[in-house]
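run_0.pdb (PDB, C-alpha atoms)
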ATOM      1  CA  MET A   1       0.417 -37.269   2.123
ATOM      2  CA  THR A   2       2.614 -34.100   2.189
ATOM      3  CA  THR A   3       0.011 -31.644   0.909
ATOM      4  CA  VAL A   4      -1.106 -30.458   4.371
ATOM      5  CA  PRO A   5       2.429 -29.791   5.740
ATOM      6  CA  ILE A   6       3.360 -27.910   2.559
ATOM      7  CA  PHE A   7       0.175 -25.822   2.831
ATOM      8  CA  LEU A   8       0.863 -25.071   6.512
ATOM      9  CA  ALA A   9       4.464 -24.096   5.746
ATOM     10  CA  ALA A  10       3.301 -21.735   3.002
ATOM     11  CA  LEU A  11       0.667 -20.243   5.316
ATOM     12  CA  SER A  12       3.268 -19.727   8.067
ATOM     13  CA  ALA A  13       5.588 -17.993   5.618
ATOM     14  CA  MET A  14       2.792 -15.601   4.676
ATOM     15  CA  VAL A  15       1.930 -14.771   8.309
ATOM     16  CA  LEU A  16       5.453 -14.597   9.727
ATOM     17  CA  GLY A  17       8.050 -12.097   8.626
ATOM     18  CA  SER A  18      11.734 -12.816   8.161
ATOM     19  CA  SER A  19      12.255 -11.973  11.851
ATOM     20  CA  GLY A  20       9.562 -14.497  12.808
ATOM     21  CA  ALA A  21       7.340 -11.733  14.248
ATOM     22  CA  ALA A  22       3.655 -12.042  13.409
ATOM     23  CA  HIS A  23       2.202  -9.379  11.140
ATOM     24  CA  LYS A  24      -1.053  -7.683  12.176
ATOM     25  CA  SER A  25      -3.990  -7.740   9.774
ATOM     26  CA  LEU A  26      -5.960  -4.467   9.720
ATOM     27  CA  ASN A  27      -9.387  -3.384   8.522
ATOM     28  CA  GLY A  28      -8.244  -0.884   5.871
ATOM     29  CA  PHE A  29      -5.632   1.856   5.912
ATOM     30  CA  PRO A  30      -4.647   3.145   9.370
ATOM     31  CA  PRO A  31      -5.646   6.821   9.943
ATOM     32  CA  GLU A  32      -2.062   8.090   9.675
ATOM     33  CA  PHE A  33      -1.953   6.999   5.994
ATOM     34  CA  VAL A  34      -5.311   8.524   5.033
ATOM     35  CA  GLY A  35      -5.305  11.768   3.019
ATOM     36  CA  ARG A  36      -4.027  13.371  -0.170
ATOM     37  CA  TRP A  37      -0.433  12.647  -1.182
ATOM     38  CA  GLY A  38       1.303  14.450  -4.057
ATOM     39  CA  GLU A  39       4.491  13.728  -5.986
ATOM     40  CA  ASP A  40       5.352  17.369  -5.277
ATOM     41  CA  ILE A  41       3.609  20.599  -4.257
ATOM     42  CA  GLY A  42       2.035  20.837  -7.760
ATOM     43  CA  GLY A  43       0.408  17.454  -7.196
ATOM     44  CA  CYS A  44      -1.224  18.944  -4.094
ATOM     45  CA  SER A  45      -2.857  21.932  -5.807
ATOM     46  CA  PRO A  46      -6.682  22.075  -5.595
ATOM     47  CA  GLY A  47      -7.247  21.165  -9.264
ATOM     48  CA  ALA A  48      -4.590  18.430  -9.452
ATOM     49  CA  VAL A  49      -5.974  15.103 -10.582
ATOM     50  CA  HIS A  50      -2.701  13.315 -11.371
ATOM     51  CA  GLY A  51       0.644  13.315  -9.625
ATOM     52  CA  GLY A  52      -0.246  11.542  -6.427
ATOM     53  CA  LEU A  53      -2.690   9.410  -4.509
ATOM     54  CA  THR A  54      -5.769   9.949  -2.413
ATOM     55  CA  ILE A  55      -5.966   7.347   0.320
ATOM     56  CA  ARG A  56      -9.155   6.536   2.192
ATOM     57  CA  GLN A  57      -9.632   3.703   4.653
ATOM     58  CA  LYS A  58     -10.890   1.276   1.988
ATOM     59  CA  LEU A  59      -9.919   2.999  -1.288
ATOM     60  CA  VAL A  60      -6.844   4.309  -3.122
ATOM     61  CA  ALA A  61      -7.283   6.701  -6.066
ATOM     62  CA  ASP A  62      -4.631   8.022  -8.439
ATOM     63  CA  GLY A  63      -6.846  10.561 -10.145
ATOM     64  CA  GLU A  64      -9.162   8.919 -12.619
ATOM     65  CA  PHE A  65      -8.748   5.308 -11.411
ATOM     66  CA  SER A  66      -9.241   3.741  -8.009
ATOM     67  CA  GLY A  67      -8.415   0.544  -6.194
ATOM     68  CA  GLU A  68     -10.622  -1.053  -3.562
ATOM     69  CA  VAL A  69      -8.613  -2.198  -0.539
ATOM     70  CA  GLN A  70      -8.811  -5.982  -0.152
ATOM     71  CA  SER A  71      -6.381  -6.395   2.768
ATOM     72  CA  VAL A  72      -3.907  -4.441   4.878
ATOM     73  CA  VAL A  73      -1.177  -6.045   6.954
ATOM     74  CA  ARG A  74       1.034  -4.066   9.375
ATOM     75  CA  LYS A  75       4.651  -5.214   9.276
ATOM     76  CA  PRO A  76       7.033  -5.148  12.264
ATOM     77  CA  ASP A  77       8.836  -2.102  10.791
ATOM     78  CA  GLY A  78       5.572  -0.066  10.874
ATOM     79  CA  SER A  79       4.981  -0.142   7.116
ATOM     80  CA  ILE A  80       1.910  -1.825   5.656
ATOM     81  CA  ASP A  81       1.404  -4.246   2.790
ATOM     82  CA  VAL A  82      -1.835  -3.505   0.942
ATOM     83  CA  VAL A  83      -3.692  -5.589  -1.638
ATOM     84  CA  GLU A  84      -5.934  -3.489  -3.896
ATOM     85  CA  LEU A  85      -8.353  -4.432  -6.649
ATOM     86  CA  TRP A  86      -8.186  -1.740  -9.354
ATOM     87  CA  ASP A  87     -11.161  -1.163 -11.613
ATOM     88  CA  ILE A  88      -9.860   0.323 -14.854
ATOM     89  CA  PRO A  89     -12.393   0.826 -17.677
ATOM     90  CA  GLU A  90     -11.981  -1.487 -20.664
ATOM     91  CA  SER A  91      -9.532  -3.672 -18.706
ATOM     92  CA  PRO A  92     -10.038  -6.666 -16.471
ATOM     93  CA  ALA A  93      -9.873  -5.864 -12.747
ATOM     94  CA  ALA A  94      -6.232  -5.888 -11.670
ATOM     95  CA  LYS A  95      -5.025  -6.973  -8.245
ATOM     96  CA  SER A  96      -2.071  -4.952  -6.984
ATOM     97  CA  ARG A  97       0.074  -5.498  -3.905
ATOM     98  CA  SER A  98       2.110  -2.594  -2.529
ATOM     99  CA  ASN A  99       4.082  -1.613   0.558
ATOM    100  CA  TYR A 100       3.345   1.809   2.074
ATOM    101  CA  ALA A 101       5.901   3.312   4.478
ATOM    102  CA  LEU A 102       5.524   6.636   6.304
ATOM    103  CA  SER A 103       8.458   8.819   7.300
ATOM    104  CA  LYS A 104       8.976   9.293  11.040
ATOM    105  CA  ASN A 105       7.377  12.753  10.935
ATOM    106  CA  GLY A 106       4.430  11.498   8.825
ATOM    107  CA  LYS A 107       5.007  14.076   6.069
ATOM    108  CA  SER A 108       6.231  11.717   3.354
ATOM    109  CA  LEU A 109       5.111   8.353   2.058
ATOM    110  CA  THR A 110       7.025   5.781   0.039
ATOM    111  CA  VAL A 111       5.007   3.297  -2.024
ATOM    112  CA  ARG A 112       6.709   0.236  -3.462
ATOM    113  CA  THR A 113       4.846  -2.109  -5.778
ATOM    114  CA  LEU A 114       5.321  -5.772  -4.981
ATOM    115  CA  GLU A 115       5.308  -8.629  -7.427
ATOM    116  CA  PRO A 116       4.441 -12.161  -6.356
ATOM    117  CA  GLY A 117       7.578 -14.019  -5.356
ATOM    118  CA  SER A 118       9.930 -11.038  -5.618
ATOM    119  CA  GLU A 119      11.284  -8.160  -3.576
ATOM    120  CA  TYR A 120      10.079  -4.576  -3.971
ATOM    121  CA  LEU A 121      10.408  -3.070  -7.408
ATOM    122  CA  PRO A 122      13.461  -0.789  -7.585
ATOM    123  CA  GLU A 123      11.551   2.433  -8.367
ATOM    124  CA  PRO A 124       9.491   3.482  -5.335
ATOM    125  CA  LEU A 125       6.939   6.273  -5.540
ATOM    126  CA  ALA A 126       7.944   9.099  -3.164
ATOM    127  CA  LEU A 127       5.042  11.301  -2.086
ATOM    128  CA  VAL A 128       4.538  14.283   0.230
ATOM    129  CA  ARG A 129       1.523  14.838   2.439
ATOM    130  CA  CYS A 130      -0.642  17.580   0.986
ATOM    131  CA  GLY A 131      -1.366  20.315   3.493
ATOM    132  CA  ALA A 132       1.299  19.094   5.940
ATOM    133  CA  ARG A 133       2.206  21.705   8.529
ATOM    134  CA  ARG A 134       4.753  21.627  11.349
TER     135      ARG A 134
END
Any chance you could put this one into structure tokens?
Amino acid sequence: MTTVPIFLAALSAMVLGSSGAAHKSLNGFPPEFVGRWGEDIGGCSPGAVHGGLTIRQKLVADGEFSGEVQSVVRKPDGSIDVVELWDIPESPAAKSRSNYALSKNGKSLTVRTLEPGSEYLPEPLALVRCGARR
């Protein structure tokens, strides 16, 4: 029966990247991603609720809603793919998969939403680290 080989091929495709390098599964967001991220300086002001994300090791919040981190996988390019389960009132829980990539200096973050079976969506979310100093 071909079910087992097909399953193993699908599993290998999930674990191996296009370069064939294994991806590393993590226990939540790495420390360098944790913190407040704003769409601009206004999104970083003390009273700002919208206009960015707050990232904790096991939680992502966009103001009034939050997503519990289900899995984090480090990719060979240093970015991470994150699966989150968002709890939005009056809606069924929604699973979201996104790629988070830090700039080399760690002051900006690009978030691209992924859809099953497709590449990144064309409109990434560009964020700046709130309180970044250098």
If we count only C-alpha atoms, what is near Glu123 (chain A) at a cut-off of 10 Å, once residues fewer than 3 positions away on the same chain are taken out, given as JSON, numbers by chain?
{"A": [111, 112, 113, 120, 126]}
Considering all atoms listed in the file, return as a PDB file with C-alpha atoms, in the coordinates of the input whatever protein or nucleic-acid residues lie within 8 Å of region 74-84 of chain A, sequence-local ones (same chain, fewer than 4 positions apart) excluded.
ATOM      1  CA  GLY A  17       8.050 -12.097   8.626  1.00  0.00           C
ATOM      2  CA  ALA A  21       7.340 -11.733  14.248  1.00  0.00           C
ATOM      3  CA  ALA A  22       3.655 -12.042  13.409  1.00  0.00           C
ATOM      4  CA  HIS A  23       2.202  -9.379  11.140  1.00  0.00           C
ATOM      5  CA  LYS A  24      -1.053  -7.683  12.176  1.00  0.00           C
ATOM      6  CA  SER A  25      -3.990  -7.740   9.774  1.00  0.00           C
ATOM      7  CA  LEU A  26      -5.960  -4.467   9.720  1.00  0.00           C
ATOM      8  CA  VAL A  60      -6.844   4.309  -3.122  1.00  0.00           C
ATOM      9  CA  GLY A  67      -8.415   0.544  -6.194  1.00  0.00           C
ATOM     10  CA  GLU A  68     -10.622  -1.053  -3.562  1.00  0.00           C
ATOM     11  CA  VAL A  69      -8.613  -2.198  -0.539  1.00  0.00           C
ATOM     12  CA  GLN A  70      -8.811  -5.982  -0.152  1.00  0.00           C
ATOM     13  CA  LYS A  95      -5.025  -6.973  -8.245  1.00  0.00           C
ATOM     14  CA  SER A  96      -2.071  -4.952  -6.984  1.00  0.00           C
ATOM     15  CA  ARG A  97       0.074  -5.498  -3.905  1.00  0.00           C
ATOM     16  CA  SER A  98       2.110  -2.594  -2.529  1.00  0.00           C
ATOM     17  CA  ASN A  99       4.082  -1.613   0.558  1.00  0.00           C
ATOM     18  CA  TYR A 100       3.345   1.809   2.074  1.00  0.00           C
ATOM     19  CA  ALA A 101       5.901   3.312   4.478  1.00  0.00           C
ATOM     20  CA  LEU A 102       5.524   6.636   6.304  1.00  0.00           C
TER      21      LEU A 102
END
Output as JSON the centre and edge lengths (Å, one decimal) of the box along x, y and z of the file that holds every listed atom of region 82-89 of chain A after adding 5 Å on each side.
{"center_x": -7.1, "center_y": -2.4, "center_z": -8.4, "size_x": 20.6, "size_y": 16.4, "size_z": 28.6}
In Å, how far is it from CA of Lys58 (chain A) to CA of Gly28 (chain A)?
5.2 Å
I'd like to know which of A:Glu90, A:Ser103, A:Asp62, A:Leu85 is closest to Glu39 (chain A), using all atoms listed in the file.
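Between A:Glu90, A:Ser103, A:Asp62, A:Leu85, the residue approaching Glu39 (chain A) most closely is A:Asp62.
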Written as JSON, numbers by chain, which residues does the PyMOL selection byres ((chain A and resi 34) around 10) give for the file shown?
{"A": [28, 29, 30, 31, 32, 33, 35, 36, 37, 53, 54, 55, 56, 57, 58, 59, 60, 129]}
Model the absent atoms of region 83-99 of chain A so that N, CA and C atoms are present, and write the result as a tab-separated table (two decimals), keeping the file's coordinate frame.
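Below is the file that was written, result_29.tsv:
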chain	number	residue	atom	x	y	z
A	83	VAL	N	-3.22	-4.97	-0.40
A	83	VAL	CA	-3.69	-5.59	-1.64
A	83	VAL	C	-4.91	-4.78	-2.08
A	84	GLU	N	-4.86	-4.31	-3.34
A	84	GLU	CA	-5.93	-3.49	-3.90
A	84	GLU	C	-6.46	-4.14	-5.16
A	85	LEU	N	-7.74	-3.97	-5.41
A	85	LEU	CA	-8.35	-4.43	-6.65
A	85	LEU	C	-8.74	-3.19	-7.44
A	86	TRP	N	-8.00	-2.94	-8.54
A	86	TRP	CA	-8.19	-1.74	-9.35
A	86	TRP	C	-9.19	-2.00	-10.45
A	87	ASP	N	-10.13	-1.08	-10.59
A	87	ASP	CA	-11.16	-1.16	-11.61
A	87	ASP	C	-10.84	-0.12	-12.68
A	88	ILE	N	-10.25	-0.57	-13.78
A	88	ILE	CA	-9.86	0.32	-14.85
A	88	ILE	C	-10.76	0.03	-16.06
A	89	PRO	N	-11.48	1.06	-16.55
A	89	PRO	CA	-12.39	0.83	-17.68
A	89	PRO	C	-11.70	0.14	-18.85
A	90	GLU	N	-12.44	-0.75	-19.49
A	90	GLU	CA	-11.98	-1.49	-20.66
A	90	GLU	C	-10.80	-2.41	-20.37
A	91	SER	N	-10.58	-2.73	-19.11
A	91	SER	CA	-9.53	-3.67	-18.71
A	91	SER	C	-10.11	-4.59	-17.64
A	92	PRO	N	-9.57	-5.81	-17.57
A	92	PRO	CA	-10.04	-6.67	-16.47
A	92	PRO	C	-9.54	-6.09	-15.14
A	93	ALA	N	-10.29	-6.34	-14.07
A	93	ALA	CA	-9.87	-5.86	-12.75
A	93	ALA	C	-8.46	-6.39	-12.45
A	94	ALA	N	-7.63	-5.52	-11.93
A	94	ALA	CA	-6.23	-5.89	-11.67
A	94	ALA	C	-5.94	-5.83	-10.18
A	95	LYS	N	-5.40	-6.93	-9.65
A	95	LYS	CA	-5.03	-6.97	-8.24
A	95	LYS	C	-3.60	-6.46	-8.13
A	96	SER	N	-3.39	-5.55	-7.19
A	96	SER	CA	-2.07	-4.95	-6.98
A	96	SER	C	-1.70	-5.11	-5.52
A	97	ARG	N	-0.43	-5.38	-5.27
A	97	ARG	CA	0.07	-5.50	-3.90
A	97	ARG	C	1.21	-4.51	-3.74
A	98	SER	N	1.11	-3.63	-2.74
A	98	SER	CA	2.11	-2.59	-2.53
A	98	SER	C	2.46	-2.47	-1.06
A	99	ASN	N	3.65	-1.93	-0.80
A	99	ASN	CA	4.08	-1.61	0.56
A	99	ASN	C	4.08	-0.10	0.71
